[in-house]
>>> print(open('model_31.cif').read())   # mmCIF, C-alpha atoms
data_entry
#
loop_
_atom_site.label_atom_id
_atom_site.label_comp_id
_atom_site.auth_asym_id
_atom_site.auth_seq_id
_atom_site.Cartn_x
_atom_site.Cartn_y
_atom_site.Cartn_z
CA MET A 1 12.65 0.12 -32.40
CA PRO A 2 13.34 3.88 -32.74
CA THR A 3 12.38 5.79 -29.60
CA THR A 4 13.00 9.49 -30.31
CA PRO A 5 10.33 11.98 -31.50
CA GLY A 6 10.00 12.36 -35.26
CA SER A 7 7.77 13.67 -37.98
CA GLU A 8 4.14 12.72 -37.65
CA THR A 9 1.75 13.41 -40.49
CA ARG A 10 -1.50 12.45 -38.74
CA THR A 11 -2.52 11.25 -35.25
CA ARG A 12 -6.00 9.99 -34.43
CA VAL A 13 -7.79 9.20 -31.12
CA ALA A 14 -6.42 9.48 -27.55
CA GLY A 15 -6.45 7.56 -24.27
CA SER A 16 -6.33 3.80 -24.64
CA HIS A 17 -7.61 3.74 -28.27
CA THR A 18 -5.47 2.78 -31.25
CA ARG A 19 -3.40 5.56 -32.73
CA THR A 20 -2.96 5.60 -36.51
CA ARG A 21 -0.04 7.42 -38.13
CA LEU A 22 0.95 8.03 -41.73
CA LEU A 23 4.72 8.12 -41.78
CA GLY A 24 7.28 8.79 -44.39
CA VAL A 25 10.08 6.28 -44.78
CA GLY A 26 12.86 7.14 -42.36
CA SER A 27 10.49 8.85 -39.88
CA ILE A 28 11.25 8.33 -36.17
CA VAL A 29 8.41 7.89 -33.69
CA THR A 30 8.06 7.53 -29.92
CA VAL A 31 6.30 4.40 -28.64
CA PRO A 32 5.21 4.56 -24.97
CA ALA A 33 6.07 1.68 -22.65
CA GLY A 34 3.66 -1.23 -23.01
CA LEU A 35 2.77 -0.35 -26.63
CA GLU A 36 4.13 -1.50 -29.95
CA LEU A 37 4.30 -0.11 -33.46
CA ALA A 38 2.64 -2.37 -36.04
CA ALA A 39 2.49 -1.84 -39.82
CA ARG A 40 -1.05 -2.01 -41.14
CA LYS A 41 -0.59 -1.48 -44.88
CA THR A 42 1.34 0.41 -47.52
CA ALA A 43 -0.40 3.59 -48.50
CA ARG A 44 -0.54 4.85 -52.03
CA THR A 45 2.60 6.37 -53.39
CA ARG A 46 2.05 9.83 -54.71
CA GLY A 47 3.78 10.27 -58.02
CA ARG A 48 6.82 8.27 -58.96
CA ALA A 49 8.58 6.30 -56.29
CA SER A 50 11.80 8.14 -57.07
CA ALA A 51 10.14 11.55 -56.82
CA LYS A 52 8.47 11.30 -53.41
CA PRO A 53 9.09 9.07 -50.36
CA GLN A 54 6.86 6.09 -49.78
CA VAL A 55 4.20 6.64 -47.13
CA LEU A 56 3.36 3.80 -44.72
CA GLU A 57 0.42 3.51 -42.33
CA TYR A 58 1.09 2.20 -38.80
CA GLU A 59 -0.84 1.78 -35.62
CA VAL A 60 0.41 2.11 -32.04
CA ARG A 61 -1.33 -0.52 -29.95
CA PRO A 62 -0.96 -2.39 -26.60
CA GLN A 63 1.57 -5.19 -26.73
CA ALA A 64 0.09 -8.66 -26.89
CA GLY A 65 -0.97 -9.86 -23.47
CA ARG A 66 -0.67 -6.40 -21.93
CA SER A 67 -3.17 -3.68 -21.21
CA PRO A 68 -2.45 0.02 -20.60
CA SER A 69 -0.96 0.45 -17.14
CA ARG A 70 -3.30 1.80 -14.50
CA GLU A 71 -0.95 1.28 -11.58
CA THR A 72 -0.34 4.12 -9.16
CA ALA A 73 3.23 5.38 -8.98
CA THR A 74 5.19 3.55 -6.30
CA ASP A 75 6.34 6.75 -4.61
CA ALA A 76 2.70 7.78 -4.10
CA TYR A 77 2.45 5.08 -1.44
CA ALA A 78 5.35 6.49 0.58
CA VAL A 79 4.18 7.53 4.06
CA GLY A 80 4.65 11.25 4.69
CA PRO A 81 5.53 13.07 7.92
CA TRP A 82 1.94 13.20 9.17
CA GLY A 83 1.41 9.49 8.61
CA LEU A 84 4.70 8.68 10.33
CA ALA A 85 3.69 10.87 13.27
CA LEU A 86 0.44 8.94 13.60
CA LEU A 87 2.30 5.65 13.63
CA ARG A 88 4.80 6.97 16.15
CA GLY A 89 1.96 8.18 18.39
CA LYS A 90 0.38 4.73 18.26
CA GLN A 91 3.69 3.10 19.17
CA ILE A 92 4.14 5.47 22.12
CA ARG A 93 0.64 4.72 23.44
CA ASP A 94 1.26 0.98 23.19
CA ASP A 95 4.60 1.30 24.98
CA ASP A 96 3.05 3.45 27.73
CA LEU A 97 0.30 0.89 28.30
CA ARG A 98 2.86 -1.88 28.59
CA ARG A 99 4.90 0.14 31.11
CA ALA A 100 1.70 0.73 33.06
CA GLY A 101 1.15 -3.01 33.32
CA GLY A 102 -1.76 -3.02 30.88
CA ALA A 103 -5.23 -1.75 31.64
CA TYR A 104 -8.24 -3.10 33.54
CA THR A 105 -11.77 -3.27 32.19
CA LEU A 106 -14.56 -1.54 34.10
CA ASP A 107 -15.70 -4.81 35.66
CA GLN A 108 -12.18 -5.58 36.85
CA VAL A 109 -11.91 -2.16 38.50
CA ARG A 110 -15.30 -2.67 40.15
CA GLU A 111 -14.08 -5.99 41.53
CA LEU A 112 -10.77 -4.48 42.69
CA LEU A 113 -12.25 -1.40 44.38
CA ARG A 114 -15.56 -2.95 45.48
CA VAL A 115 -17.51 0.03 44.18
CA THR A 116 -20.30 0.62 41.67
CA ARG A 117 -20.00 1.61 38.04
CA GLN A 118 -21.37 5.04 38.91
CA ALA A 119 -18.74 5.51 41.62
CA ILE A 120 -15.96 4.75 39.16
CA GLU A 121 -17.37 7.15 36.57
CA LYS A 122 -17.51 9.84 39.23
CA LYS A 123 -13.87 9.27 40.16
CA VAL A 124 -12.90 9.62 36.50
CA ARG A 125 -14.79 12.94 36.21
CA GLU A 126 -13.13 14.16 39.40
CA GLN A 127 -9.68 13.15 38.04
CA ALA A 128 -9.20 10.69 40.88
CA ILE A 129 -8.78 7.79 38.40
CA LEU A 130 -7.25 7.82 34.93
CA ALA A 131 -9.20 6.17 32.11
CA VAL A 132 -7.94 5.77 28.55
CA PRO A 133 -9.82 4.86 25.36
CA GLY A 134 -10.00 1.12 24.86
CA PRO A 135 -11.20 -1.36 22.23
CA SER A 136 -14.67 -0.72 20.79
CA GLY A 137 -14.77 2.68 22.48
CA GLU A 138 -14.80 1.22 25.99
CA ARG A 139 -12.77 2.86 28.72
CA ARG A 140 -9.78 1.06 30.15
CA TYR A 141 -7.96 1.84 33.40
CA PRO A 142 -4.13 1.60 33.49
CA VAL A 143 -3.07 -0.92 36.14
CA ALA A 144 -0.15 1.13 37.52
CA GLN A 145 -2.48 3.61 39.26
CA PHE A 146 -3.94 0.93 41.52
CA THR A 147 -2.62 -0.72 44.67
CA GLY A 148 -3.89 -3.52 46.86
CA ASP A 149 -5.67 -0.87 48.92
CA GLY A 150 -7.24 1.08 46.06
CA VAL A 151 -5.82 3.97 44.03
CA VAL A 152 -2.27 5.31 44.38
CA SER A 153 -2.24 8.15 46.91
CA GLY A 154 -1.77 11.62 45.43
CA LEU A 155 -2.93 10.77 41.92
CA LYS A 156 -5.77 13.32 41.87
CA PRO A 157 -3.69 16.49 42.47
CA VAL A 158 -1.11 15.27 39.96
CA LEU A 159 -3.67 14.75 37.20
CA ALA A 160 -5.18 18.15 37.99
CA ALA A 161 -1.76 19.81 37.72
CA LEU A 162 -1.03 18.51 34.20
CA PRO A 163 -1.55 21.02 31.36
CA SER A 164 -3.51 18.64 29.14
CA GLU A 165 -6.67 16.63 29.67
CA SER A 166 -5.60 14.08 27.07
CA ALA A 167 -5.67 10.64 28.68
CA TRP A 168 -2.68 9.52 26.61
CA PHE A 169 -0.66 12.60 27.57
CA ARG A 170 -1.37 11.92 31.24
CA LEU A 171 -0.48 8.25 30.99
CA ASN A 172 2.78 9.11 29.23
CA PHE A 173 3.67 11.49 32.07
CA LEU A 174 2.91 8.93 34.76
CA VAL A 175 5.09 6.17 33.29
CA THR A 176 8.05 8.20 31.98
CA PRO A 177 11.18 8.38 34.18
CA LEU A 178 12.05 11.98 35.12
CA ALA A 179 15.37 13.46 36.17
CA GLN A 180 13.70 15.69 38.77
CA LEU A 181 12.36 12.52 40.40
CA ASP A 182 15.80 10.91 40.49
CA GLY A 183 14.98 8.71 37.54
CA GLN A 184 11.72 7.42 38.94
CA THR A 185 8.49 7.55 37.02
CA PRO A 186 5.81 9.81 38.56
CA ILE A 187 3.65 6.81 39.37
CA GLU A 188 6.59 5.17 41.17
CA ALA A 189 7.32 8.39 43.04
CA LEU A 190 3.68 8.61 44.14
CA GLY A 191 3.91 5.08 45.44
CA ALA A 192 6.94 6.18 47.46
CA GLY A 193 4.99 9.05 49.01
CA LYS A 194 6.57 11.85 46.93
CA THR A 195 3.30 13.55 46.04
CA GLU A 196 4.59 17.12 46.32
CA ALA A 197 7.58 16.44 44.07
CA VAL A 198 5.37 14.80 41.45
CA VAL A 199 2.90 17.69 41.51
CA GLU A 200 5.81 20.11 40.98
CA ALA A 201 7.02 18.01 38.05
CA ALA A 202 3.53 18.10 36.52
CA GLN A 203 3.35 21.87 36.95
CA SER A 204 6.78 22.34 35.38
CA ILE A 205 5.55 20.65 32.21
CA GLY A 206 2.84 23.30 32.08
CA VAL A 207 5.48 26.05 32.28
CA GLN A 208 7.56 24.51 29.47
CA GLY A 209 4.57 24.09 27.20
CA GLY A 210 3.17 27.56 27.86
#
>>> encode(input="model_31.cif", output="structure tokens")
Amino acid sequence: MPTTPGSETRTRVAGSHTRTRLLGVGSIVTVPAGLELAARKTARTRGRASAKPQVLEYEVRPQAGRSPSRETATDAYAVGPWGLALLRGKQIRDDDLRRAGGAYTLDQVRELLRVTRQAIEKKVREQAILAVPGPSGERRYPVAQFTGDGVVSGLKPVLAALPSESAWFRLNFLVTPLAQLDGQTPIEALGAGKTEAVVEAAQSIGVQGG
């Protein structure tokens, strides 16, 4: 089947409708993918056959068993930089939660600390406890900040010293090993009584991001 553009005497209709062409013998036409060129009839010959070329009538129609493609281009589904950043952020949050030992529900924290719901909410507002968004919009409380005696000592001044109030930013800081803490994570350093060093590390992040 010829596939390069050629002379076209008449074209009718657009979109998915049938296209009818009157073509001279020897004409070359373009047939889009999924369509076929079918002869409908021989048109009248004007004058003597030897004087003028024969004119044929064709139609361009969908191939049998096929309909015009409505598929979206494959490359349109490729994830761009923003989408990749969202996925990467989700992966980081999941990794941070795992390093923190998971997260308690509110009822589990109440049982652990032996305090009321209101007392826990107050501690969160005062930055004495870190809460992160959980399933169905419920708060969850990373396990690493708790000890058998309550909350890790020094957590409140560290959270207050961080430059962002984002719960995920704060969790990432607490569970990421830092060179200035000799490779310990801030939450580990707090457990070892290094509150001042951890506060300084939190403040230094503020200087770098300023």
>>> atom_distance(input="model_31.cif", atom1="atom CA of Leu162 of chain A", atom2="atom CA of Ile129 of chain A")
13.9 Å
>>> atom_distance(input="model_31.cif", atom1="atom CA of Asp95 of chain A", atom2="atom CA of Val199 of chain A")
23.3 Å
>>> atom_distance(input="model_31.cif", atom1="atom CA of Arg98 of chain A", atom2="atom CA of Gly191 of chain A")
18.3 Å
>>> closest_atom_pairs(input="model_31.cif", of="segment 101-136 of chain A", to="segment 164-167 of chain A", cutoff="12 Å", atoms="only C-alpha atoms", output="JSON lines")
{"residue": "A:Val124", "atom": "CA", "partner": "A:Ala167", "partner_atom": "CA", "distance": 10.7}
{"residue": "A:Arg125", "atom": "CA", "partner": "A:Glu165", "partner_atom": "CA", "distance": 11.1}
{"residue": "A:Glu126", "atom": "CA", "partner": "A:Glu165", "partner_atom": "CA", "distance": 11.9}
{"residue": "A:Gln127", "atom": "CA", "partner": "A:Glu165", "partner_atom": "CA", "distance": 9.6}
{"residue": "A:Ile129", "atom": "CA", "partner": "A:Ala167", "partner_atom": "CA", "distance": 10.6}
{"residue": "A:Leu130", "atom": "CA", "partner": "A:Ala167", "partner_atom": "CA", "distance": 7.0}
{"residue": "A:Ala131", "atom": "CA", "partner": "A:Ala167", "partner_atom": "CA", "distance": 6.6}
{"residue": "A:Val132", "atom": "CA", "partner": "A:Ala167", "partner_atom": "CA", "distance": 5.4}
{"residue": "A:Pro133", "atom": "CA", "partner": "A:Ala167", "partner_atom": "CA", "distance": 7.9}
{"residue": "A:Gly134", "atom": "CA", "partner": "A:Ala167", "partner_atom": "CA", "distance": 11.1}
>>> write_last_selection(input="model_31.cif", atoms="C-alpha atoms", output="tab-separated table (two decimals), in the frame of the given file")
chain	number	residue	atom	x	y	z
A	124	VAL	CA	-12.90	9.62	36.50
A	125	ARG	CA	-14.79	12.94	36.21
A	126	GLU	CA	-13.13	14.16	39.40
A	127	GLN	CA	-9.68	13.15	38.04
A	129	ILE	CA	-8.78	7.79	38.40
A	130	LEU	CA	-7.25	7.82	34.93
A	131	ALA	CA	-9.20	6.17	32.11
A	132	VAL	CA	-7.94	5.77	28.55
A	133	PRO	CA	-9.82	4.86	25.36
A	134	GLY	CA	-10.00	1.12	24.86
>>> resolve_selection(input="model_31.cif", expression="the PyMOL selection byres ((chain A and resi 202) around 8)", output="list in words")
Val158, Leu159, Ala161, Leu162, Pro163, Phe173, Val198, Val199, Glu200, Ala201, Gln203, Ser204, Ile205 and Gly206 of chain A
>>> residues_around(input="model_31.cif", residues="Arg99 of chain A", least_positions_apart="5", cutoff="12 Å", atoms="only C-alpha atoms", output="PyMOL selection string")
chain A and resi 92-94+142-145+171-177+185+187-188
>>> closest_atom_pairs(input="model_31.cif", of="segment 97-171 of chain A", to="segment 80-90 of chain A", cutoff="12 Å", atoms="all atoms listed in the file", output="CSV")
residue,atom,partner,partner_atom,distance
A:Leu97,CA,A:Lys90,CA,10.7
A:Trp168,CA,A:Gly89,CA,9.5
A:Phe169,CA,A:Gly89,CA,10.5
>>> closest_residue(input="model_31.cif", among="A:Lys194, A:Ala179, A:Ala73, A:Arg139", to="Ala103 of chain A", atoms="all atoms listed in the file")
A:Arg139
>>> closest_residue(input="model_31.cif", among="A:Thr74, A:Gly154, A:Arg114, A:Val79", to="Ala189 of chain A", atoms="all atoms listed in the file")
A:Gly154
